[in-house]
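The data block below is coords09.csv; it holds CSV, C-alpha atoms (C1' of nucleotides).
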chain,number,residue,atom,x,y,z
A,18,MET,CA,0.0,0.0,0.0
A,19,GLN,CA,1.5,3.2,-1.2
A,20,PRO,CA,1.6,6.2,1.2
A,21,THR,CA,-1.4,8.5,0.7
A,22,PRO,CA,-0.5,11.4,-1.6
A,23,ALA,CA,-0.6,14.7,0.2
A,24,SER,CA,-3.2,16.0,-2.2
A,25,ASP,CA,-5.5,13.0,-1.5
A,26,LEU,CA,-5.2,13.5,2.2
A,27,GLN,CA,-6.1,17.2,1.8
A,28,ASN,CA,-9.1,16.3,-0.3
A,29,ARG,CA,-10.3,13.9,2.2
A,30,LEU,CA,-9.9,16.2,5.2
A,31,ASP,CA,-11.7,18.9,3.2
A,32,ARG,CA,-14.5,16.5,2.5
A,33,PHE,CA,-14.8,15.6,6.2
A,34,GLU,CA,-14.7,19.3,7.2
A,35,THR,CA,-17.4,20.1,4.7
A,36,TYR,CA,-19.5,17.3,6.0
A,37,LEU,CA,-19.1,18.5,9.6
A,38,LYS,CA,-20.0,22.1,8.7
A,39,LYS,CA,-23.0,21.0,6.6
A,40,SER,CA,-24.2,19.0,9.6
A,41,ASP,CA,-23.7,21.8,12.1
A,42,MET,CA,-21.0,19.9,13.9
A,43,LYS,CA,-17.8,21.4,15.3
A,44,ILE,CA,-14.4,20.9,13.8
A,45,THR,CA,-12.4,19.7,16.8
A,46,ARG,CA,-8.8,18.6,17.3
A,47,GLN,CA,-10.0,15.1,18.1
A,48,ARG,CA,-12.2,14.8,15.0
A,49,MET,CA,-9.5,16.0,12.6
A,50,GLN,CA,-6.8,13.8,14.2
A,51,VAL,CA,-8.9,10.7,14.0
A,52,ALA,CA,-9.9,11.4,10.4
A,53,GLU,CA,-6.3,12.2,9.3
A,54,HIS,CA,-5.0,9.0,10.9
A,55,ILE,CA,-7.7,7.0,9.2
A,56,PHE,CA,-7.1,8.6,5.9
A,57,CYS,CA,-3.4,7.9,6.1
A,58,SER,CA,-3.1,4.5,7.7
A,59,SER,CA,-4.2,1.1,6.7
A,60,ASN,CA,-7.6,-0.4,6.7
A,61,HIS,CA,-9.7,-2.8,8.7
A,62,PHE,CA,-8.9,-1.1,12.0
A,63,THR,CA,-10.6,-1.4,15.3
A,64,VAL,CA,-11.4,1.3,17.8
A,65,GLU,CA,-8.8,-0.3,20.0
A,66,SER,CA,-6.1,-0.1,17.4
A,67,LEU,CA,-7.0,3.5,16.6
A,68,ALA,CA,-6.8,4.5,20.2
A,69,ASP,CA,-3.4,2.9,20.6
A,70,GLU,CA,-2.0,4.4,17.4
A,71,LEU,CA,-3.3,7.8,18.3
A,72,LYS,CA,-1.8,7.6,21.7
A,73,HIS,CA,1.6,7.2,20.2
A,74,LYS,CA,1.1,9.7,17.4
A,75,TYR,CA,-0.3,12.6,19.3
A,76,ARG,CA,0.3,14.1,22.7
A,77,PRO,CA,-2.6,13.5,25.0
A,78,GLY,CA,-4.3,10.9,22.8
A,79,ILE,CA,-8.0,10.6,22.5
A,80,SER,CA,-10.4,8.8,24.8
A,81,ARG,CA,-12.1,5.7,23.6
A,82,ALA,CA,-15.5,7.1,24.1
A,83,THR,CA,-14.7,9.9,21.8
A,84,ILE,CA,-13.2,7.6,19.2
A,85,TYR,CA,-16.3,5.5,19.3
A,86,ARG,CA,-18.4,8.6,18.7
A,87,ILE,CA,-16.2,9.8,15.9
A,88,VAL,CA,-16.1,6.5,14.1
A,89,SER,CA,-19.9,6.2,14.3
A,90,LEU,CA,-20.1,9.7,12.9
A,91,MET,CA,-17.9,8.8,10.0
A,92,VAL,CA,-20.0,5.7,9.3
A,93,GLU,CA,-23.0,8.0,9.1
A,94,ALA,CA,-21.1,10.3,6.8
A,95,GLY,CA,-20.5,7.4,4.5
A,96,MET,CA,-16.8,7.6,4.9
A,97,LEU,CA,-16.4,4.3,6.7
A,98,THR,CA,-17.9,0.9,6.5
A,99,GLU,CA,-18.3,-1.4,9.5
A,100,HIS,CA,-17.3,-5.1,9.2
A,101,ASN,CA,-18.0,-8.2,11.3
A,102,PHE,CA,-15.4,-10.7,10.5
A,103,GLY,CA,-16.4,-13.1,13.2
A,104,GLN,CA,-13.7,-11.7,15.4
A,105,ASN,CA,-14.4,-10.2,18.8
A,106,SER,CA,-14.6,-6.6,17.9
A,107,ARG,CA,-15.9,-4.5,15.0
A,108,ARG,CA,-13.6,-3.4,12.2
A,109,TYR,CA,-13.9,-0.3,10.2
A,110,GLU,CA,-12.6,0.6,6.8
A,111,PHE,CA,-12.2,3.9,5.0
A,112,ILE,CA,-14.2,4.3,1.7
A,113,PRO,CA,-11.9,6.4,-0.5
A,114,GLY,CA,-14.3,6.7,-3.4
A,115,GLN,CA,-17.1,4.3,-3.7
A,116,LYS,CA,-15.0,1.4,-4.8
A,117,HIS,CA,-16.5,-1.5,-3.1
A,118,HIS,CA,-14.8,-4.8,-2.4
A,119,ASP,CA,-15.1,-8.0,-0.4
A,120,HIS,CA,-12.7,-9.8,1.9
A,121,ILE,CA,-10.7,-12.9,2.3
A,122,ILE,CA,-9.7,-13.6,5.9
A,123,CYS,CA,-6.9,-16.0,6.9
A,124,LEU,CA,-8.3,-18.3,9.6
A,125,ASP,CA,-4.9,-18.6,11.3
A,126,CYS,CA,-3.4,-15.1,11.3
A,127,GLY,CA,-6.4,-13.0,10.6
A,128,ARG,CA,-4.8,-11.3,7.7
A,129,ILE,CA,-7.3,-9.6,5.4
A,130,ASP,CA,-7.1,-9.4,1.7
A,131,GLU,CA,-9.5,-7.7,-0.6
A,132,PHE,CA,-11.1,-8.5,-3.9
A,133,VAL,CA,-14.0,-7.6,-6.2
A,134,ASP,CA,-15.7,-10.1,-8.5
A,135,SER,CA,-17.9,-8.4,-11.0
A,136,GLU,CA,-19.9,-11.5,-11.7
A,137,ILE,CA,-20.8,-11.9,-8.1
A,138,GLU,CA,-21.7,-8.3,-7.8
A,139,LYS,CA,-24.1,-8.6,-10.6
A,140,LEU,CA,-25.8,-11.6,-9.2
A,141,GLN,CA,-26.6,-10.2,-5.8
A,142,PRO,CA,-29.3,-7.6,-6.7
A,143,LYS,CA,-31.0,-10.3,-8.7
A,144,ILE,CA,-31.1,-12.7,-5.8
A,145,ALA,CA,-32.4,-10.0,-3.5
A,146,LYS,CA,-35.1,-9.1,-5.9
A,147,LYS,CA,-36.2,-12.7,-6.3
A,148,HIS,CA,-36.7,-12.8,-2.5
A,149,GLY,CA,-38.7,-9.6,-2.4
A,150,PHE,CA,-35.9,-7.4,-1.1
A,151,THR,CA,-34.3,-4.3,-2.4
A,152,LEU,CA,-30.6,-4.7,-1.9
A,153,GLU,CA,-29.0,-2.0,0.2
A,154,ASP,CA,-25.7,-3.6,1.1
A,155,HIS,CA,-23.9,-6.8,1.4
A,156,SER,CA,-20.9,-8.5,2.9
A,157,LEU,CA,-19.1,-11.4,1.4
A,158,ASN,CA,-16.3,-12.9,3.4
A,159,LEU,CA,-14.2,-15.8,2.3
A,160,TYR,CA,-12.3,-17.7,5.1
A,161,GLY,CA,-9.4,-19.7,4.1
A,162,ARG,CA,-5.7,-20.6,4.7
A,163,CYS,CA,-2.6,-19.2,3.0
A,164,VAL,CA,-0.9,-21.7,0.7
A,165,GLU,CA,2.1,-21.5,3.0
A,166,LEU,CA,-0.1,-22.2,6.0
A,167,ALA,CA,-1.6,-25.3,4.3
A,168,ARG,CA,1.9,-26.6,3.7
A,169,LYS,CA,3.5,-25.8,7.1
A,170,ASN,CA,0.3,-25.9,9.2
A,171,ARG,CA,1.2,-22.4,10.2
A,172,CYS,CA,0.8,-19.1,8.5
A,173,PRO,CA,4.1,-17.3,7.9
A,174,HIS,CA,2.5,-14.1,9.1
A,175,HIS,CA,1.4,-15.4,12.4
A,176,ASP,CA,2.6,-13.7,15.6
A,177,ALA,CA,3.9,-10.9,13.5
A,178,ALA,CA,0.4,-10.3,12.2
A,179,VAL,CA,-2.5,-11.6,14.2
A,180,GLN,CA,-4.2,-8.7,12.7
A,181,THR,CA,-2.3,-5.9,14.3
A,182,PRO,CA,-4.2,-3.6,12.1
A,183,GLY,CA,-1.8,-1.7,10.1
A,184,ALA,CA,-0.1,-4.9,9.0
A,185,GLN,CA,-1.7,-4.9,5.6
A,186,MET,CA,0.7,-7.1,3.7
A,187,VAL,CA,0.1,-8.0,0.1
B,7,MET,CA,-40.8,-24.9,8.1
B,8,GLN,CA,-42.2,-28.4,8.5
B,9,PRO,CA,-41.8,-30.1,11.8
B,10,THR,CA,-38.7,-32.3,12.0
B,11,PRO,CA,-39.7,-35.9,11.3
B,12,ALA,CA,-39.1,-38.1,14.3
B,13,SER,CA,-36.7,-40.3,12.4
B,14,ASP,CA,-34.5,-37.3,11.4
B,15,LEU,CA,-34.5,-36.2,15.0
B,16,GLN,CA,-33.4,-39.6,16.2
B,17,ASN,CA,-30.7,-39.7,13.6
B,18,ARG,CA,-29.4,-36.3,14.7
B,19,LEU,CA,-29.4,-37.2,18.3
B,20,ASP,CA,-27.6,-40.4,17.5
B,21,ARG,CA,-25.0,-38.5,15.4
B,22,PHE,CA,-24.5,-36.2,18.4
B,23,GLU,CA,-24.2,-39.0,20.9
B,24,THR,CA,-21.7,-40.8,18.7
B,25,TYR,CA,-19.6,-37.6,18.4
B,26,LEU,CA,-19.6,-37.2,22.2
B,27,LYS,CA,-18.5,-40.8,22.8
B,28,LYS,CA,-15.9,-40.6,20.1
B,29,SER,CA,-14.5,-37.5,21.8
B,30,ASP,CA,-14.6,-39.0,25.3
B,31,MET,CA,-17.3,-36.6,26.4
B,32,LYS,CA,-20.2,-37.4,28.6
B,33,ILE,CA,-23.8,-37.7,27.6
B,34,THR,CA,-25.5,-35.4,29.9
B,35,ARG,CA,-29.1,-34.2,30.3
B,36,GLN,CA,-28.1,-30.7,29.4
B,37,ARG,CA,-26.2,-31.6,26.2
B,38,MET,CA,-29.1,-33.8,25.0
B,39,GLN,CA,-31.8,-31.3,25.8
B,40,VAL,CA,-29.9,-28.5,24.1
B,41,ALA,CA,-29.2,-30.6,21.0
B,42,GLU,CA,-32.8,-31.8,20.8
B,43,HIS,CA,-34.1,-28.4,21.0
B,44,ILE,CA,-31.8,-27.2,18.3
B,45,PHE,CA,-32.6,-30.1,16.1
B,46,CYS,CA,-36.3,-29.4,16.3
B,47,SER,CA,-36.7,-25.7,16.4
B,48,SER,CA,-35.9,-23.0,14.0
B,49,ASN,CA,-32.6,-21.5,12.9
B,50,HIS,CA,-30.5,-18.4,13.5
B,51,PHE,CA,-30.9,-18.6,17.2
B,52,THR,CA,-28.8,-16.9,19.9
B,53,VAL,CA,-27.6,-18.2,23.2
B,54,GLU,CA,-30.1,-15.9,24.8
B,55,SER,CA,-33.0,-17.3,22.8
B,56,LEU,CA,-32.0,-20.8,23.5
B,57,ALA,CA,-31.8,-20.1,27.2
B,58,ASP,CA,-35.3,-18.6,27.2
B,59,GLU,CA,-36.8,-21.4,25.2
B,60,LEU,CA,-35.2,-24.1,27.3
B,61,LYS,CA,-36.4,-22.5,30.5
B,62,HIS,CA,-40.0,-22.8,29.3
B,63,LYS,CA,-39.6,-26.2,27.8
B,64,TYR,CA,-37.8,-28.0,30.6
B,65,ARG,CA,-38.0,-27.9,34.4
B,66,PRO,CA,-34.9,-26.3,35.8
B,67,GLY,CA,-33.7,-25.0,32.5
B,68,ILE,CA,-30.0,-24.8,31.7
B,69,SER,CA,-27.5,-22.1,32.7
B,70,ARG,CA,-26.2,-19.7,30.1
B,71,ALA,CA,-22.6,-20.7,30.8
B,72,THR,CA,-23.4,-24.3,30.0
B,73,ILE,CA,-25.3,-23.3,26.9
B,74,TYR,CA,-22.4,-21.3,25.7
B,75,ARG,CA,-20.2,-24.4,26.3
B,76,ILE,CA,-22.5,-26.8,24.5
B,77,VAL,CA,-23.0,-24.5,21.5
B,78,SER,CA,-19.2,-24.1,21.1
B,79,LEU,CA,-18.9,-27.9,21.3
B,80,MET,CA,-21.5,-28.3,18.6
B,81,VAL,CA,-19.6,-25.8,16.4
B,82,GLU,CA,-16.5,-27.9,16.9
B,83,ALA,CA,-18.5,-31.0,16.0
B,84,GLY,CA,-19.5,-29.4,12.8
B,85,MET,CA,-23.2,-29.5,13.6
B,86,LEU,CA,-23.6,-25.7,13.9
B,87,THR,CA,-22.3,-22.7,12.1
B,88,GLU,CA,-21.8,-19.3,13.7
B,89,HIS,CA,-23.0,-16.1,12.1
B,90,ASN,CA,-22.3,-12.4,12.5
B,91,PHE,CA,-25.1,-10.5,11.0
B,92,GLY,CA,-23.9,-7.2,12.4
B,93,GLN,CA,-26.3,-7.6,15.3
B,94,ASN,CA,-25.2,-7.4,18.9
B,95,SER,CA,-24.9,-11.1,19.6
B,96,ARG,CA,-23.8,-14.1,17.6
B,97,ARG,CA,-26.3,-16.3,15.9
B,98,TYR,CA,-26.0,-20.1,15.4
B,99,GLU,CA,-27.5,-22.4,12.8
B,100,PHE,CA,-27.9,-26.1,12.6
B,101,ILE,CA,-26.3,-27.8,9.7
B,102,PRO,CA,-28.7,-30.7,8.8
B,103,GLY,CA,-26.6,-32.3,6.2
B,104,GLN,CA,-24.1,-30.2,4.5
B,105,LYS,CA,-26.6,-28.1,2.6
B,106,HIS,CA,-25.0,-24.7,2.7
B,107,HIS,CA,-26.9,-21.5,2.1
B,108,ASP,CA,-26.4,-17.8,2.5
B,109,HIS,CA,-28.6,-15.1,4.0
B,110,ILE,CA,-30.7,-12.0,3.3
B,111,ILE,CA,-31.3,-9.9,6.3
B,112,CYS,CA,-34.0,-7.2,6.5
B,113,LEU,CA,-32.5,-4.0,7.8
B,114,ASP,CA,-35.6,-3.0,9.5
B,115,CYS,CA,-37.0,-6.1,11.3
B,116,GLY,CA,-34.0,-8.4,11.3
B,117,ARG,CA,-35.9,-11.1,9.5
B,118,ILE,CA,-33.5,-13.6,7.9
B,119,ASP,CA,-34.2,-15.4,4.7
B,120,GLU,CA,-32.0,-18.0,3.1
B,121,PHE,CA,-30.8,-18.7,-0.4
B,122,VAL,CA,-28.2,-20.5,-2.4
B,123,ASP,CA,-26.8,-19.4,-5.7
B,124,SER,CA,-24.8,-22.0,-7.5
B,125,GLU,CA,-23.0,-19.5,-9.7
B,126,ILE,CA,-21.7,-17.6,-6.7
B,127,GLU,CA,-20.8,-20.8,-5.0
B,128,LYS,CA,-18.7,-21.8,-8.0
B,129,LEU,CA,-16.9,-18.5,-8.2
B,130,GLN,CA,-15.7,-18.4,-4.6
B,131,PRO,CA,-13.1,-21.1,-4.6
B,132,LYS,CA,-11.6,-19.6,-7.8
B,133,ILE,CA,-11.3,-16.2,-6.2
B,134,ALA,CA,-9.7,-17.7,-3.1
B,135,LYS,CA,-7.2,-19.6,-5.2
B,136,LYS,CA,-6.3,-16.5,-7.2
B,137,HIS,CA,-5.3,-14.9,-3.9
B,138,GLY,CA,-3.3,-17.8,-2.7
B,139,PHE,CA,-5.9,-19.1,-0.2
B,140,THR,CA,-7.6,-22.5,0.1
B,141,LEU,CA,-11.2,-21.7,0.8
B,142,GLU,CA,-12.5,-23.2,4.0
B,143,ASP,CA,-15.7,-21.3,4.5
B,144,HIS,CA,-17.5,-18.2,3.5
B,145,SER,CA,-20.4,-16.0,4.5
B,146,LEU,CA,-22.4,-13.9,2.2
B,147,ASN,CA,-25.0,-11.7,3.7
B,148,LEU,CA,-27.3,-9.5,1.7
B,149,TYR,CA,-28.9,-6.6,3.6
B,150,GLY,CA,-32.0,-5.1,2.2
B,151,ARG,CA,-35.5,-4.0,2.7
B,152,CYS,CA,-38.8,-5.9,2.1
B,153,VAL,CA,-40.8,-4.6,-0.8
B,154,GLU,CA,-43.6,-3.7,1.6
B,155,LEU,CA,-41.1,-1.9,3.8
B,156,ALA,CA,-39.9,0.1,0.8
B,157,ARG,CA,-43.5,1.2,0.2
B,158,LYS,CA,-44.6,1.9,3.7
B,159,ASN,CA,-41.3,2.8,5.2
B,160,ARG,CA,-41.9,0.1,7.7
B,161,CYS,CA,-41.6,-3.6,7.5
B,162,PRO,CA,-44.8,-5.5,8.0
B,163,HIS,CA,-43.0,-7.9,10.3
B,164,HIS,CA,-41.6,-5.3,12.6
B,165,ASP,CA,-42.5,-5.4,16.3
B,166,ALA,CA,-43.9,-8.9,15.7
B,167,ALA,CA,-40.5,-10.0,14.5
B,168,VAL,CA,-37.4,-8.1,15.4
B,169,GLN,CA,-35.8,-11.4,15.1
B,170,THR,CA,-37.4,-13.2,17.9
B,171,PRO,CA,-35.6,-16.3,16.8
B,172,GLY,CA,-38.1,-18.9,16.1
B,173,ALA,CA,-40.0,-16.5,14.0
B,174,GLN,CA,-38.9,-18.0,10.7
B,175,MET,CA,-41.5,-16.8,8.3
B,176,VAL,CA,-41.4,-17.6,4.7
C,22,DA,C1',-14.9,-43.4,43.0
C,23,DT,C1',-13.4,-40.0,39.9
C,24,DG,C1',-12.8,-37.0,36.2
C,25,DG,C1',-15.3,-34.3,33.5
C,26,DG,C1',-19.7,-31.3,33.4
C,27,DT,C1',-22.7,-27.9,35.5
C,28,DG,C1',-24.2,-23.7,37.9
C,29,DC,C1',-23.3,-19.7,40.0
C,30,DA,C1',-21.2,-15.5,40.5
C,31,DA,C1',-17.5,-12.9,39.2
C,32,DA,C1',-14.5,-11.4,35.6
C,33,DA,C1',-13.4,-9.9,31.0
C,34,DC,C1',-14.6,-7.8,27.0
C,35,DC,C1',-16.5,-4.4,23.9
C,36,DT,C1',-19.5,-0.6,23.5
C,37,DT,C1',-22.6,3.0,25.2
C,38,DT,C1',-24.0,6.7,28.3
C,39,DG,C1',-24.5,10.4,32.1
C,40,DC,C1',-22.4,14.2,33.7
C,41,DA,C1',-19.1,17.8,34.7
C,42,DT,C1',-15.7,20.3,32.2
C,43,DG,C1',-13.7,22.3,27.9
C,44,DT,C1',-13.9,24.7,23.8
C,45,DA,C1',-15.3,25.9,18.8
C,46,DG,C1',-18.2,29.1,16.8
D,29,DC,C1',-21.3,33.3,25.7
D,30,DT,C1',-23.6,29.0,24.5
D,31,DA,C1',-24.2,24.8,22.8
D,32,DC,C1',-21.9,21.0,21.4
D,33,DA,C1',-17.8,17.9,22.1
D,34,DT,C1',-14.8,15.5,25.1
D,35,DG,C1',-13.1,12.7,29.0
D,36,DC,C1',-13.9,10.0,32.7
D,37,DA,C1',-16.0,6.6,35.1
D,38,DA,C1',-19.9,3.9,35.5
D,39,DA,C1',-23.3,1.1,33.3
D,40,DG,C1',-24.9,-2.3,29.8
D,41,DG,C1',-24.6,-6.3,27.2
D,42,DT,C1',-22.4,-10.5,25.7
D,43,DT,C1',-19.2,-14.1,26.5
D,44,DT,C1',-15.7,-16.5,29.4
D,45,DT,C1',-13.9,-18.4,33.6
D,46,DG,C1',-12.8,-20.1,38.5
D,47,DC,C1',-14.4,-23.0,41.6
D,48,DA,C1',-17.4,-26.0,44.5
D,49,DC,C1',-20.6,-29.4,43.7
D,50,DC,C1',-22.8,-33.0,40.9
D,51,DC,C1',-23.2,-37.0,38.2
D,52,DA,C1',-22.2,-40.0,34.0
D,53,DT,C1',-19.1,-43.7,33.5
What would you get if you wrote out this structure as structure tokens?
Amino acid sequence: MQPTPASDLQNRLDRFETYLKKSDMKITRQRMQVAEHIFCSSNHFTVESLADELKHKYRPGISRATIYRIVSLMVEAGMLTEHNFGQNSRRYEFIPGQKHHDHIICLDCGRIDEFVDSEIEKLQPKIAKKHGFTLEDHSLNLYGRCVELARKNRCPHHDAAVQTPGAQMV
Amino acid sequence: MQPTPASDLQNRLDRFETYLKKSDMKITRQRMQVAEHIFCSSNHFTVESLADELKHKYRPGISRATIYRIVSLMVEAGMLTEHNFGQNSRRYEFIPGQKHHDHIICLDCGRIDEFVDSEIEKLQPKIAKKHGFTLEDHSLNLYGRCVELARKNRCPHHDAAVQTPGAQMV
DNA sequence: ATGGGTGCAAAACCTTTGCATGTAG
DNA sequence: CTACATGCAAAGGTTTTGCACCCAT
């Protein structure tokens, strides 16, 4: 994952500020720091991981309660999606444009890869319709094992990874 | 959902007993009552709902701790799958044979429908392979709104349903 | 009789909330 | 200034655990 170009970052921050103003919400140090961190760092983070990273990155850090509130706000704003990967806590993901994708999760180390399959995408609204639903959203998660894991009975990324979010290896 | 034929029930209970014996586990009143209830009643239940239903069905009921333990055991045994539908608590589902299916969840009332799409099923292992994974499992959840809901801005099943598990309407 | 299973209550988690304080507008 | 945002600590909800007691084997 390449570093976020400065211009993209600025765009995103602007987009967020605009949203806040439009919604009569205040532009606070906490909101901007959380947003900036999310815009720059890797995906599939938890509130826990955000709190930790922000504590190291900035002086006083930001309380969990506030992070929970800001993350919810950003979900409302359509800038984050929420995931349930069957792990203990919720994961969030920044939506840069609208480019949707699904996930493959390693059952051993928790590593998360992304993919899009246009055929599957096309089939889903049809299925929903057939059942009398209008499709609003979906989540497709594949659970598997790395090839190395299958061979050695242990994923090479284990320990190192165990989804320390930020460890987005490709 | 038709009532479970008695013969099926017996088969399932036998299957469970066999598993317990094979694993050097004891056949207890609690384990058999939980299993029987699961085999007979509807799907997508929570530990909470199981506890409630068992309290009404049997005399002393069964403690939550024990139910959690039995449910985990049955997941291990491959007789249940665990789901995260983005709701607060985990849902479980009995696997009668191996007939897999995916889910459509109503965003308003939480009603859960099932479907299988063979095309999607076929595509998934290919995708996993392309990413260097061996597919072990997957979950595909479609989130939408009933047609009635779209019209009236309210799902006809609301209140009545709100996923009181057991309310498996088709 | 004995080792595993159960029930209870407590602990461990994750997430939300009430309230006093701080601060953007 | 004033209303909204934050931080803290407490509460809420789900799941797990320690331990004494119970009961299949």
Could you list, with a cut-off of 12 Å and counting all atoms listed in the file, the residues of segment 12-100 of chain B near segment 129-150 of chain B, each shown with its nearest atom pair and the distance in Å rounded to one decimal, rows sorted by chain and ascending number, as JSON lines?
{"residue": "B:Thr87", "atom": "CA", "partner": "B:Asp143", "partner_atom": "CA", "distance": 10.2}
{"residue": "B:Glu88", "atom": "CA", "partner": "B:Ser145", "partner_atom": "CA", "distance": 9.9}
{"residue": "B:His89", "atom": "CA", "partner": "B:Ser145", "partner_atom": "CA", "distance": 8.0}
{"residue": "B:Asn90", "atom": "CA", "partner": "B:Ser145", "partner_atom": "CA", "distance": 9.0}
{"residue": "B:Phe91", "atom": "CA", "partner": "B:Asn147", "partner_atom": "CA", "distance": 7.4}
{"residue": "B:Gly92", "atom": "CA", "partner": "B:Asn147", "partner_atom": "CA", "distance": 9.9}
| message | Using all atoms listed in the file, which protein or nucleic acid residues come within 10 Å of DA33 of chain D? Drop anything in the same chain fewer than 4 positions from it, and give the result as a PyMOL selection string. | response | (chain A and resi 42-45+47-48+83+86) or (chain C and resi 43-45)
At a cut-off of 10 Å, can you tabulate as a tab-separated table every residue of chain D near chain B together with its closest atom pair and the distance in Å to one decimal, using all atoms listed in the file and ordering rows by chain then number?
residue	atom	partner	partner_atom	distance
D:DG41	C1'	B:Asn94	CA	8.4
D:DT42	C1'	B:Ser95	CA	6.6
D:DT43	C1'	B:Tyr74	CA	7.9
D:DT44	C1'	B:Ala71	CA	8.2
D:DT45	C1'	B:Ala71	CA	9.4
D:DC51	C1'	B:Thr34	CA	8.8
D:DA52	C1'	B:Lys32	CA	6.3
D:DT53	C1'	B:Lys32	CA	8.1
Show me a table, sorted first by chain and then by increasing residue number, of the residues of chain C having an atom at most 9 Å from chain B, each with its shortest atom pair and the distance in Å to one decimal, counting only C-alpha atoms (C1' of nucleotides) and written as a Markdown table.
| residue | atom | partner | partner_atom | distance |
| --- | --- | --- | --- | --- |
| C:DG25 | C1' | B:Lys32 | CA | 7.6 |
| C:DG26 | C1' | B:Lys32 | CA | 7.8 |
| C:DT27 | C1' | B:Thr72 | CA | 6.6 |
| C:DG28 | C1' | B:Ser69 | CA | 6.4 |
| C:DC29 | C1' | B:Ser69 | CA | 8.8 |
| Interatomic distance (Å, one decimal) between atom CA of Ser135 of chain A and atom CA of Glu93 of chain A | 26.4 Å
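Take atom CA of His54 of chain A and atom CA of Gln93 of chain B: the distance between them is 27.4 Å.
Between atom CA of Arg151 of chain B and atom CA of His50 of chain B lies a distance of 18.7 Å.
Shortest separation to Ile129 of chain A among A:Arg76, A:Arg29, A:Lys38, A:Arg108 occurs at residue A:Arg108, atoms counted being only C-alpha atoms.
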